[in-house]
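Okay, final.csv is below, CSV, C-alpha atoms and all ligand atoms:
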chain,number,residue,atom,x,y,z
A,238,MET,CA,24.8,-15.6,9.8
A,239,PHE,CA,25.6,-12.5,7.8
A,240,ASP,CA,28.7,-14.3,6.4
A,241,THR,CA,26.7,-17.3,5.4
A,242,LEU,CA,24.2,-15.1,3.7
A,243,ILE,CA,26.8,-13.1,1.8
A,244,GLU,CA,28.6,-16.2,0.7
A,245,PHE,CA,25.3,-17.7,-0.5
A,246,ILE,CA,24.5,-14.5,-2.5
A,247,ARG,CA,28.0,-14.5,-4.1
A,248,ASP,CA,27.5,-18.1,-5.0
A,249,GLN,CA,24.2,-17.5,-6.6
A,250,TYR,CA,25.5,-14.7,-8.8
A,251,GLN,CA,28.9,-16.3,-9.3
A,252,THR,CA,30.9,-13.1,-8.9
A,253,LYS,CA,33.3,-11.4,-6.6
A,254,ASP,CA,32.3,-8.0,-7.9
A,255,PHE,CA,29.6,-5.6,-6.6
A,256,ILE,CA,26.1,-7.2,-6.6
A,257,PRO,CA,23.2,-4.8,-7.1
A,258,LEU,CA,19.7,-5.2,-5.7
A,259,HIS,CA,18.1,-5.5,-9.0
A,260,ALA,CA,19.6,-5.3,-12.5
A,261,PRO,CA,17.7,-5.4,-15.7
A,262,VAL,CA,18.3,-8.3,-18.1
A,263,PHE,CA,18.1,-8.0,-21.9
A,264,SER,CA,18.4,-11.6,-23.1
A,265,GLY,CA,15.7,-11.6,-25.8
A,266,ARG,CA,14.8,-9.7,-28.9
A,267,GLU,CA,15.4,-6.2,-27.3
A,268,ARG,CA,18.1,-5.1,-29.8
A,269,GLU,CA,16.1,-6.4,-32.8
A,270,TYR,CA,12.9,-4.6,-31.8
A,271,VAL,CA,14.5,-1.3,-30.8
A,272,LEU,CA,16.5,-1.3,-34.0
A,273,GLU,CA,13.3,-1.9,-36.0
A,274,THR,CA,11.9,1.4,-34.6
A,275,ILE,CA,15.0,3.3,-35.6
A,276,GLU,CA,15.0,1.8,-39.1
A,277,SER,CA,11.3,2.7,-39.5
A,278,THR,CA,11.9,6.2,-38.1
A,279,PHE,CA,8.9,5.7,-35.8
A,280,VAL,CA,10.7,6.2,-32.5
A,281,SER,CA,8.2,8.6,-30.9
A,282,SER,CA,4.6,8.6,-29.9
A,283,VAL,CA,3.2,6.8,-33.0
A,284,GLY,CA,4.2,3.3,-33.9
A,285,ALA,CA,3.2,-0.3,-34.0
A,286,PHE,CA,5.0,-1.4,-30.9
A,287,VAL,CA,2.9,0.8,-28.6
A,288,ASP,CA,-0.3,-0.9,-29.8
A,289,ARG,CA,1.3,-4.3,-29.6
A,290,PHE,CA,2.7,-3.7,-26.1
A,291,GLU,CA,-0.8,-2.6,-24.9
A,292,GLN,CA,-2.5,-5.6,-26.5
A,293,ASP,CA,0.2,-8.1,-25.3
A,294,MET,CA,0.0,-6.7,-21.7
A,295,ALA,CA,-3.9,-6.7,-21.7
A,296,LYS,CA,-3.8,-10.3,-22.8
A,297,TYR,CA,-1.1,-11.3,-20.2
A,298,THR,CA,-2.9,-9.7,-17.3
A,299,GLY,CA,-6.4,-10.5,-18.5
A,300,SER,CA,-7.3,-6.8,-18.5
A,301,GLN,CA,-9.9,-5.6,-21.0
A,302,ARG,CA,-7.6,-2.7,-21.9
A,303,GLY,CA,-4.0,-1.5,-21.3
A,304,VAL,CA,-3.0,2.1,-22.0
A,305,ALA,CA,0.8,2.7,-22.1
A,306,THR,CA,2.2,5.8,-20.4
A,307,VAL,CA,5.5,7.5,-20.1
A,308,ASN,CA,5.9,6.2,-16.5
A,309,GLY,CA,4.0,4.5,-13.7
A,310,THR,CA,3.4,7.7,-11.8
A,311,ALA,CA,1.7,9.2,-14.8
A,312,ALA,CA,-0.4,6.0,-15.2
A,313,LEU,CA,-1.5,6.3,-11.5
A,314,HIS,CA,-2.3,10.0,-11.9
A,315,ILE,CA,-4.7,9.3,-14.8
A,316,ALA,CA,-6.1,6.2,-13.1
A,317,LEU,CA,-7.0,8.4,-10.1
A,318,GLN,CA,-8.5,11.1,-12.3
A,319,LEU,CA,-10.7,8.4,-14.0
A,320,ALA,CA,-11.7,7.1,-10.6
A,321,GLY,CA,-13.2,10.6,-10.1
A,322,VAL,CA,-10.7,11.9,-7.6
A,323,LYS,CA,-11.0,15.7,-7.5
A,324,SER,CA,-9.2,18.6,-5.8
A,325,GLY,CA,-9.9,18.8,-2.1
A,326,GLU,CA,-10.8,15.1,-1.7
A,327,LEU,CA,-9.2,12.3,0.2
A,328,VAL,CA,-7.7,9.1,-1.1
A,329,ILE,CA,-6.9,6.1,1.2
A,330,THR,CA,-3.5,4.5,0.8
A,331,GLN,CA,-0.8,2.8,2.9
A,332,ALA,CA,1.9,4.7,4.9
A,333,LEU,CA,4.4,2.0,3.8
A,334,THR,CA,4.8,2.7,0.1
A,335,PHE,CA,7.0,4.4,-2.4
A,336,VAL,CA,6.5,8.2,-2.7
A,337,ALA,CA,5.0,8.0,-6.2
A,338,THR,CA,1.7,6.6,-4.8
A,339,CYS,CA,1.2,9.7,-2.7
A,340,ASN,CA,2.5,12.1,-5.4
A,341,ALA,CA,-0.1,10.8,-7.9
A,342,ILE,CA,-2.8,11.5,-5.4
A,343,ALA,CA,-1.4,15.0,-4.8
A,344,TYR,CA,-1.3,15.7,-8.6
A,345,CYS,CA,-5.1,15.4,-8.5
A,346,GLY,CA,-5.2,18.1,-5.7
A,347,ALA,CA,-6.3,15.4,-3.3
A,348,GLU,CA,-4.6,14.3,-0.1
A,349,PRO,CA,-3.7,10.8,1.1
A,350,VAL,CA,-5.0,9.2,4.3
A,351,PHE,CA,-2.5,6.8,5.7
A,352,ILE,CA,-3.7,3.4,6.8
A,353,ASP,CA,-1.7,0.5,8.3
A,354,VAL,CA,-0.5,-2.6,6.4
A,355,ASP,CA,-0.8,-6.3,7.3
A,356,ARG,CA,2.3,-8.1,8.5
A,357,HIS,CA,1.7,-11.1,6.2
A,358,THR,CA,1.3,-9.1,2.9
A,359,LEU,CA,3.2,-5.8,3.7
A,360,GLY,CA,0.2,-4.2,1.9
A,361,LEU,CA,-2.9,-2.3,2.9
A,362,SER,CA,-4.8,-3.9,5.7
A,363,PRO,CA,-8.6,-4.4,5.1
A,364,SER,CA,-9.3,-4.6,8.8
A,365,ALA,CA,-7.3,-1.5,9.6
A,366,LEU,CA,-9.2,0.3,6.8
A,367,GLN,CA,-12.5,-0.9,8.1
A,368,SER,CA,-11.7,0.3,11.7
A,369,TRP,CA,-10.5,3.7,10.5
A,370,LEU,CA,-13.6,4.2,8.4
A,371,ALA,CA,-16.0,3.1,11.1
A,372,GLU,CA,-14.4,5.6,13.5
A,373,ASN,CA,-13.6,8.5,11.2
A,374,ALA,CA,-16.0,8.4,8.3
A,375,ILE,CA,-19.7,8.5,7.5
A,376,LEU,CA,-21.8,7.7,4.4
A,377,ASP,CA,-23.8,10.8,3.6
A,378,ALA,CA,-27.3,11.0,2.2
A,379,ASP,CA,-25.9,10.7,-1.4
A,380,GLY,CA,-24.0,7.6,-0.4
A,381,LEU,CA,-20.6,9.4,-0.5
A,382,CYS,CA,-18.0,8.6,2.1
A,383,ARG,CA,-16.9,11.6,4.0
A,384,ALA,CA,-14.3,12.2,6.7
A,385,LYS,CA,-16.1,13.2,10.0
A,386,ALA,CA,-13.2,15.6,10.8
A,387,ASP,CA,-13.9,18.1,8.0
A,388,ASN,CA,-16.6,16.6,5.7
A,389,ARG,CA,-14.1,16.0,2.8
A,390,ILE,CA,-15.1,13.3,0.4
A,391,VAL,CA,-13.1,10.1,0.6
A,392,ARG,CA,-13.2,9.1,-3.0
A,393,ALA,CA,-10.8,6.2,-3.6
A,394,CYS,CA,-8.6,3.6,-2.1
A,395,VAL,CA,-5.1,2.8,-3.4
A,396,PRO,CA,-3.5,-0.4,-2.0
A,397,MET,CA,0.0,-1.2,-3.2
A,398,HIS,CA,1.3,-4.8,-3.8
A,399,THR,CA,4.6,-4.4,-1.9
A,400,PHE,CA,7.6,-6.1,-3.6
A,401,GLY,CA,5.1,-8.0,-5.7
A,402,HIS,CA,3.1,-9.7,-2.9
A,403,PRO,CA,-0.6,-9.2,-3.4
A,404,VAL,CA,-2.7,-7.5,-0.7
A,405,GLU,CA,-5.9,-9.2,0.6
A,406,LEU,CA,-8.0,-8.1,-2.3
A,407,ASP,CA,-11.3,-9.9,-1.6
A,408,LEU,CA,-11.6,-8.3,1.8
A,409,LEU,CA,-10.5,-4.9,0.4
A,410,VAL,CA,-13.1,-5.1,-2.3
A,411,GLU,CA,-15.7,-5.8,0.4
A,412,VAL,CA,-14.7,-2.7,2.5
A,413,CYS,CA,-14.5,-0.5,-0.6
A,414,THR,CA,-17.9,-1.5,-1.8
A,415,GLN,CA,-19.5,-0.9,1.6
A,416,TRP,CA,-17.9,2.6,1.9
A,417,ASN,CA,-18.4,3.5,-1.8
A,418,LEU,CA,-14.7,3.9,-2.5
A,419,VAL,CA,-13.2,3.3,-5.9
A,420,LEU,CA,-10.5,0.7,-5.8
A,421,VAL,CA,-7.4,1.7,-7.7
A,422,GLU,CA,-4.5,-0.8,-7.5
A,423,ASP,CA,-0.9,0.4,-7.4
A,424,ALA,CA,0.5,-2.8,-9.1
A,425,ALA,CA,3.7,-1.0,-10.1
A,426,GLU,CA,5.8,-3.8,-8.4
A,427,SER,CA,3.5,-6.7,-9.1
A,428,LEU,CA,3.6,-7.5,-12.8
A,429,GLY,CA,3.2,-11.3,-13.0
A,430,SER,CA,1.7,-11.5,-9.5
A,431,PHE,CA,-1.7,-13.2,-9.2
A,432,TYR,CA,-4.3,-13.1,-6.5
A,433,LYS,CA,-6.5,-16.2,-6.6
A,434,ASN,CA,-5.6,-16.6,-10.3
A,435,ARG,CA,-6.5,-13.0,-11.2
A,436,HIS,CA,-3.7,-10.6,-12.1
A,437,THR,CA,-3.0,-7.8,-9.6
A,438,GLY,CA,-4.1,-4.5,-11.0
A,439,THR,CA,-7.2,-6.0,-12.7
A,440,ILE,CA,-9.4,-6.5,-9.7
A,441,GLY,CA,-10.0,-2.8,-8.8
A,442,ALA,CA,-11.9,-0.5,-11.2
A,443,LEU,CA,-8.4,0.6,-12.4
A,444,GLY,CA,-4.9,-0.5,-11.9
A,445,MET,CA,-1.4,0.5,-13.0
A,446,LEU,CA,2.0,-1.0,-13.8
A,447,SER,CA,5.5,0.5,-13.9
A,448,PHE,CA,8.3,-0.4,-16.3
A,449,ASN,CA,11.0,1.7,-14.7
A,450,GLY,CA,14.5,0.4,-14.9
A,451,ASN,CA,14.3,-1.3,-11.5
A,452,LYS,CA,11.0,-3.2,-12.1
A,453,ILE,CA,10.6,-6.8,-13.1
A,454,ILE,CA,10.6,-5.8,-16.8
A,455,THR,CA,11.6,-2.4,-18.1
A,456,THR,CA,11.0,-0.1,-21.0
A,457,GLY,CA,13.6,2.3,-19.8
A,458,GLY,CA,10.8,4.4,-18.3
A,459,GLY,CA,7.2,3.5,-18.8
A,460,GLY,CA,3.9,2.5,-17.2
A,461,MET,CA,0.5,1.2,-18.1
A,462,ILE,CA,-3.1,1.8,-17.0
A,463,LEU,CA,-5.2,-1.4,-16.7
A,464,THR,CA,-8.9,-1.0,-16.9
A,465,ASN,CA,-12.1,-1.8,-18.8
A,466,GLU,CA,-13.0,-0.7,-22.4
A,467,VAL,CA,-14.9,2.4,-21.4
A,468,LEU,CA,-12.3,3.9,-18.9
A,469,GLY,CA,-9.5,2.6,-21.2
A,470,ALA,CA,-10.8,4.8,-24.0
A,471,ARG,CA,-10.9,7.7,-21.7
A,472,ALA,CA,-7.4,7.0,-20.5
A,473,LYS,CA,-6.1,6.9,-24.0
A,474,HIS,CA,-7.7,10.2,-24.8
A,475,LEU,CA,-6.4,11.9,-21.6
A,476,THR,CA,-2.9,10.6,-22.1
A,477,THR,CA,-2.6,11.6,-25.7
A,478,THR,CA,-3.4,15.4,-25.3
A,479,ALA,CA,-7.2,14.9,-25.5
A,480,LYS,CA,-7.1,15.2,-29.3
A,481,LYS,CA,-10.2,14.3,-31.1
A,482,PRO,CA,-9.6,11.9,-33.9
A,483,HIS,CA,-9.4,13.8,-37.2
A,484,ALA,CA,-7.5,13.4,-40.5
A,485,TYR,CA,-5.7,16.7,-40.1
A,486,GLU,CA,-7.3,19.1,-37.7
A,487,TYR,CA,-6.1,19.8,-34.1
A,488,VAL,CA,-9.1,19.7,-31.8
A,489,HIS,CA,-8.5,19.1,-28.1
A,490,ASP,CA,-11.7,18.9,-26.1
A,491,GLU,CA,-10.3,19.0,-22.6
A,492,VAL,CA,-7.1,19.5,-20.7
A,493,GLY,CA,-5.1,16.5,-21.8
A,494,TYR,CA,-1.6,15.2,-21.0
A,495,ASN,CA,1.3,14.2,-23.1
A,496,TYR,CA,1.8,11.0,-21.2
A,497,ARG,CA,2.3,8.7,-24.2
A,498,LEU,CA,4.9,6.0,-24.1
A,499,PRO,CA,7.3,6.4,-27.1
A,500,ASN,CA,7.4,3.6,-29.6
A,501,LEU,CA,11.2,3.1,-28.9
A,502,ASN,CA,10.3,2.3,-25.3
A,503,ALA,CA,7.4,0.1,-26.2
A,504,ALA,CA,9.7,-2.0,-28.5
A,505,LEU,CA,11.9,-2.7,-25.5
A,506,GLY,CA,8.8,-3.6,-23.5
A,507,CYS,CA,7.5,-6.1,-26.1
A,508,ALA,CA,10.8,-7.9,-26.0
A,509,GLN,CA,10.9,-7.9,-22.2
A,510,LEU,CA,7.3,-9.1,-21.9
A,511,GLU,CA,8.2,-12.2,-24.0
A,512,GLN,CA,10.6,-13.1,-21.2
A,513,LEU,CA,8.5,-12.3,-18.2
A,514,GLU,CA,7.6,-15.8,-17.3
A,515,LYS,CA,11.2,-16.9,-17.5
A,516,PHE,CA,12.2,-14.0,-15.2
A,517,ILE,CA,9.5,-14.9,-12.7
A,518,GLU,CA,10.6,-18.6,-12.7
A,519,ALA,CA,14.2,-17.4,-11.9
A,520,LYS,CA,13.0,-15.0,-9.2
A,521,ARG,CA,10.7,-17.6,-7.5
A,522,ALA,CA,13.6,-20.2,-7.6
A,523,LEU,CA,15.9,-17.7,-5.9
A,524,ALA,CA,13.2,-16.8,-3.3
A,525,GLY,CA,12.9,-20.6,-2.6
A,526,ARG,CA,16.7,-20.8,-2.0
A,527,TYR,CA,16.7,-17.8,0.3
A,528,ALA,CA,13.8,-19.3,2.2
A,529,SER,CA,15.6,-22.6,2.8
A,530,LEU,CA,18.8,-20.9,3.7
A,531,LEU,CA,17.2,-18.6,6.2
A,532,GLN,CA,14.8,-21.2,7.7
A,533,GLY,CA,15.1,-21.2,11.5
A,534,SER,CA,17.6,-18.2,11.4
A,535,ALA,CA,17.2,-14.8,13.0
A,536,LEU,CA,16.2,-13.4,9.5
A,537,GLN,CA,12.6,-14.1,8.7
A,538,PHE,CA,12.2,-14.5,4.9
A,539,VAL,CA,9.1,-12.8,3.5
A,540,THR,CA,7.0,-15.3,1.5
A,541,GLU,CA,4.0,-14.9,-0.7
A,542,PRO,CA,0.5,-14.7,0.9
A,543,ALA,CA,-1.8,-17.7,0.7
A,544,ASP,CA,-3.8,-18.2,-2.6
A,545,CYS,CA,-1.3,-16.0,-4.4
A,546,ARG,CA,1.5,-16.3,-6.9
A,547,SER,CA,4.0,-13.5,-6.2
A,548,ASN,CA,6.5,-12.4,-8.8
A,549,TYR,CA,9.0,-12.0,-5.9
A,550,TRP,CA,10.2,-8.8,-7.6
A,551,LEU,CA,12.3,-7.9,-4.6
A,552,ASN,CA,13.2,-10.4,-1.9
A,553,ALA,CA,12.9,-9.2,1.7
A,554,VAL,CA,13.7,-10.3,5.2
A,555,ILE,CA,12.4,-9.2,8.5
A,556,CYS,CA,15.2,-8.7,11.1
A,557,GLU,CA,14.9,-9.1,14.8
A,558,SER,CA,15.3,-5.5,15.7
A,559,ALA,CA,16.3,-2.1,14.2
A,560,ALA,CA,19.9,-2.7,15.5
A,561,HIS,CA,19.9,-6.2,13.8
A,562,ARG,CA,18.7,-4.5,10.6
A,563,ASP,CA,21.4,-1.8,10.8
A,564,ALA,CA,24.1,-4.5,11.3
A,565,LEU,CA,22.9,-6.5,8.3
A,566,LEU,CA,22.8,-3.3,6.1
A,567,ALA,CA,26.3,-2.3,7.2
A,568,GLU,CA,27.8,-5.8,6.8
A,569,THR,CA,26.4,-6.6,3.4
A,570,ASN,CA,26.8,-3.1,1.8
A,571,GLY,CA,30.4,-3.0,3.3
A,572,LYS,CA,31.1,-6.2,1.4
A,573,GLY,CA,29.8,-5.1,-2.0
A,574,VAL,CA,26.4,-6.9,-1.7
A,575,MET,CA,23.7,-4.3,-2.1
A,576,THR,CA,20.9,-4.4,0.4
A,577,ARG,CA,18.4,-1.7,1.3
A,578,PRO,CA,16.0,-0.8,4.1
A,579,ILE,CA,12.3,-0.4,3.2
A,580,TRP,CA,11.0,3.1,2.5
A,581,GLY,CA,10.4,5.5,5.4
A,582,LEU,CA,6.7,5.9,6.2
A,583,MET,CA,5.0,8.5,4.1
A,584,ASN,CA,3.3,10.2,7.1
A,585,THR,CA,6.8,11.1,8.3
A,586,SER,CA,7.8,12.8,5.0
A,587,PRO,CA,7.6,16.6,5.4
A,588,THR,CA,5.4,16.7,2.2
A,589,TYR,CA,2.7,14.4,3.8
A,590,SER,CA,3.2,14.8,7.5
A,591,HIS,CA,0.0,16.9,7.9
A,592,CYS,CA,-2.2,14.2,6.3
A,593,LEU,CA,-4.8,12.1,8.2
A,594,LYS,CA,-3.7,8.7,9.4
A,595,GLY,CA,-4.9,5.7,11.3
A,596,ASP,CA,-3.0,3.5,13.8
A,597,LEU,CA,0.3,2.6,12.0
A,598,SER,CA,1.7,0.0,14.4
A,599,ASN,CA,2.6,-2.7,11.8
A,600,SER,CA,4.0,-0.1,9.3
A,601,THR,CA,6.2,1.4,12.1
A,602,TRP,CA,7.5,-1.9,13.1
A,603,LEU,CA,8.2,-3.1,9.5
A,604,GLU,CA,9.8,0.2,8.6
A,605,SER,CA,12.5,-0.5,11.3
A,606,VAL,CA,13.2,-4.2,10.4
A,607,VAL,CA,12.7,-4.9,6.7
A,608,VAL,CA,15.7,-5.3,4.4
A,609,ASN,CA,15.7,-6.1,0.6
A,610,LEU,CA,18.2,-8.6,-0.6
A,611,PRO,CA,19.7,-8.9,-4.1
A,612,SER,CA,16.9,-10.2,-6.5
A,613,SER,CA,18.2,-9.9,-10.1
A,614,VAL,CA,17.4,-12.8,-12.4
A,615,LEU,CA,20.1,-15.5,-12.1
A,616,SER,CA,22.0,-16.1,-15.3
A,617,GLU,CA,21.5,-19.9,-15.0
A,618,PHE,CA,17.9,-19.3,-16.0
A,619,LEU,CA,18.8,-17.4,-19.2
A,620,ARG,CA,20.4,-20.3,-21.0
B,701,LIG,C1,7.9,2.2,-9.3
B,701,LIG,C2,6.7,2.6,-8.5
B,701,LIG,C3,5.8,3.6,-8.9
B,701,LIG,C4,6.0,4.5,-10.1
B,701,LIG,O1,6.6,4.1,-11.2
B,701,LIG,P1,7.5,5.0,-12.1
B,701,LIG,O2,7.4,4.3,-13.4
B,701,LIG,O3,8.8,5.0,-11.5
B,701,LIG,O4,6.9,6.4,-12.2
B,701,LIG,C5,4.6,3.7,-8.2
B,701,LIG,N1,4.4,3.1,-7.1
B,701,LIG,C6,5.2,2.1,-6.7
B,701,LIG,C7,4.9,1.4,-5.4
B,701,LIG,C8,6.4,1.9,-7.3
B,701,LIG,O5,7.3,1.0,-6.8

Final structure tokens representation of the file:
Amino acid sequence: MFDTLIEFIRDQYQTKDFIPLHAPVFSGREREYVLETIESTFVSSVGAFVDRFEQDMAKYTGSQRGVATVNGTAALHIALQLAGVKSGELVITQALTFVATCNAIAYCGAEPVFIDVDRHTLGLSPSALQSWLAENAILDADGLCRAKADNRIVRACVPMHTFGHPVELDLLVEVCTQWNLVLVEDAAESLGSFYKNRHTGTIGALGMLSFNGNKIITTGGGGMILTNEVLGARAKHLTTTAKKPHAYEYVHDEVGYNYRLPNLNAALGCAQLEQLEKFIEAKRALAGRYASLLQGSALQFVTEPADCRSNYWLNAVICESAAHRDALLAETNGKGVMTRPIWGLMNTSPTYSHCLKGDLSNSTWLESVVVNLPSSVLSEFLR
């Protein structure tokens, strides 16, 4: 089976060379826009492409406001701060995620609580969340959610749309509303993914995107906060050193951050966004081909959840066992076809091993069997 898979992948990418997991594609007006910033001298934190990128992205996602940042982690840090997360508080997230989700929580002085994922979404499980809260939390007289163990406030909940597949948002919204948790979506991997026709990252009070080099579109490095007008204005203020608007005076009215996305990067982003739908078409076509190839095989291809359109940012398979997974990784990587296991669970990282957690059966199983397959945009879709 591994040979058939490797041959299939080589055939898709039409090369005998090394095949990466995900390579960026610059097939549009990237050069033109980036050059424009150089010629205008506006390469840094002021410039027309930043505004345009924010507006184009807000329009594409259907968000009231988009605020561009220097990377996705910074976007999540500010989103959490605007969700009201304070030092000493708790924030729910999934154990099966990239470390940036947890780091942004830690930047606020808060601590993650690790909850299991669903097998069909690979993302935060609403039922696992509900059971953990029912057993381990109370709503106090002020309506605040508190951990029974030490009375800490549980302020927010950060689901992550793994590999672009949306989590069960309707159910999560219900649980978060019942327990007074602010929903902040880590949509770093899911630009172009929709849950019941609504873009991921726009359903919670706040959401964020990443435009790192390995994401579906890239600005080199970059991110964006998605939110409403009011929080968006606050996000802009906090990410631009909290400077009060004035013709020439420097007045900063709180501790702000220099989290601005440079115009140079935004120019790249504008050109990339123009091609996003084409990239998604290519990725969904490749996913369809993987799915047919692997149908009935020992490798179970991960497909989009019902009622969703996934961007299929990274294709993934579920192996039969950890040994089967190890064999697949060794065979493909040995033959110049890059594949990767999913992240280790965050509760096993030394940085976060002391944090509270629920039952993590699904996460533990998935950690041992999931493998990502090459997912770059196929050149046949770029003509
Ligand atoms: C990429 C990513 C981030 C952070 O984005 P950066 O732009 O790299 O800081 C956050 N969360 C998840 C799940 C990611 O995949």

Q) Interatomic distance between atom CA of Arg289 of chain A and atom CA of Arg620 of chain A? A)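 If I compute the distance from atom CA of Arg289 of chain A to atom CA of Arg620 of chain A, I get 26.4 Å.
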
Q | Spatial neighbours of segment 487-492 of chain A, 9 Å, all atoms listed in the file, chain gap at least 5 places, as a list in words | A | Leu475, Thr478, Ala479, Lys480, Lys481 and Pro482 of chain A

Q: Rank A:Glu568, A:Glu518, A:Asp563, A:Asp423 by their smallest atom-to-atom distance to Cys339 of chain A, using all atoms listed in the file, and report the top residue only.
A: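 Comparing A:Glu568, A:Glu518, A:Asp563, A:Asp423 against Cys339 of chain A, the winner is A:Asp423.
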
Q. How many Å separate atom CA of Gly299 of chain A from atom CA of Glu269 of chain A?
A. 27.0 Å

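Counting all atoms listed in the file and comparing A:Ser300, A:Ser605, A:Ser547, A:Gln318, the residue that lies closest to Glu426 of chain A is A:Ser547.
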
Q) Residues within 8 Å of ligand LIG 701 (chain B) (only C-alpha atoms and all ligand atoms), as an MDAnalysis selection string? A) chainID A and resid 307:313 334:338 397:400 423:426 446:449 451:452 458:460

Q. Near Lys296 of chain A, counting only C-alpha atoms, which residues have an atom at most 12 Å away, once you skip same-chain residues fewer than 4 positions from it, shown as a count of residues only?
A. 12

**Q.** Expected answer as JSON, numbers by chain: all residues with atoms within 10 Å of (15.7, -9.0, 0.4), all atoms listed in the file
**A.** {"A": [258, 400, 524, 527, 538, 539, 549, 550, 551, 552, 553, 554, 555, 575, 576, 577, 578, 579, 607, 608, 609, 610, 611, 612]}

Please produce segment 334-339 of chain A, completed to all heavy atoms, as a PDB file, keeping the file's coordinate frame.
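Wrote it out as result.pdb, contents follow:
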ATOM      1  N   THR A 334       4.794   2.812   1.577  1.00  0.00           N
ATOM      2  CA  THR A 334       4.800   2.700   0.100  1.00  0.00           C
ATOM      3  C   THR A 334       5.879   3.607  -0.438  1.00  0.00           C
ATOM      4  O   THR A 334       6.492   4.395   0.296  1.00  0.00           O
ATOM      5  CB  THR A 334       3.424   3.068  -0.496  1.00  0.00           C
ATOM      6  OG1 THR A 334       3.440   2.796  -1.912  1.00  0.00           O
ATOM      7  CG2 THR A 334       3.076   4.539  -0.299  1.00  0.00           C
ATOM      8  N   PHE A 335       6.099   3.490  -1.744  1.00  0.00           N
ATOM      9  CA  PHE A 335       7.000   4.400  -2.400  1.00  0.00           C
ATOM     10  C   PHE A 335       6.305   5.725  -2.642  1.00  0.00           C
ATOM     11  O   PHE A 335       5.093   5.768  -2.831  1.00  0.00           O
ATOM     12  CB  PHE A 335       7.435   3.761  -3.763  1.00  0.00           C
ATOM     13  CG  PHE A 335       8.360   4.608  -4.585  1.00  0.00           C
ATOM     14  CD1 PHE A 335       9.582   5.022  -4.078  1.00  0.00           C
ATOM     15  CD2 PHE A 335       8.012   4.999  -5.865  1.00  0.00           C
ATOM     16  CE1 PHE A 335      10.431   5.817  -4.829  1.00  0.00           C
ATOM     17  CE2 PHE A 335       8.862   5.777  -6.639  1.00  0.00           C
ATOM     18  CZ  PHE A 335      10.069   6.197  -6.114  1.00  0.00           C
ATOM     19  N   VAL A 336       7.050   6.818  -2.633  1.00  0.00           N
ATOM     20  CA  VAL A 336       6.500   8.200  -2.700  1.00  0.00           C
ATOM     21  C   VAL A 336       5.579   8.435  -3.864  1.00  0.00           C
ATOM     22  O   VAL A 336       4.654   9.264  -3.800  1.00  0.00           O
ATOM     23  CB  VAL A 336       7.600   9.223  -2.547  1.00  0.00           C
ATOM     24  CG1 VAL A 336       8.460   9.266  -3.817  1.00  0.00           C
ATOM     25  CG2 VAL A 336       7.045  10.600  -2.220  1.00  0.00           C
ATOM     26  N   ALA A 337       5.806   7.721  -4.981  1.00  0.00           N
ATOM     27  CA  ALA A 337       5.000   8.000  -6.200  1.00  0.00           C
ATOM     28  C   ALA A 337       3.525   7.763  -5.965  1.00  0.00           C
ATOM     29  O   ALA A 337       2.699   8.461  -6.562  1.00  0.00           O
ATOM     30  CB  ALA A 337       5.500   7.047  -7.322  1.00  0.00           C
ATOM     31  N   THR A 338       3.164   6.812  -5.114  1.00  0.00           N
ATOM     32  CA  THR A 338       1.700   6.600  -4.800  1.00  0.00           C
ATOM     33  C   THR A 338       1.099   7.849  -4.299  1.00  0.00           C
ATOM     34  O   THR A 338       0.026   8.254  -4.754  1.00  0.00           O
ATOM     35  CB  THR A 338       1.600   5.441  -3.766  1.00  0.00           C
ATOM     36  OG1 THR A 338       2.477   4.365  -4.078  1.00  0.00           O
ATOM     37  CG2 THR A 338       0.176   4.925  -3.698  1.00  0.00           C
ATOM     38  N   CYS A 339       1.771   8.490  -3.359  1.00  0.00           N
ATOM     39  CA  CYS A 339       1.200   9.700  -2.700  1.00  0.00           C
ATOM     40  C   CYS A 339       1.317  10.891  -3.709  1.00  0.00           C
ATOM     41  O   CYS A 339       0.405  11.723  -3.760  1.00  0.00           O
ATOM     42  CB  CYS A 339       2.015  10.046  -1.485  1.00  0.00           C
ATOM     43  SG  CYS A 339       2.057   8.693  -0.324  1.00  0.00           S
TER      44      CYS A 339
END
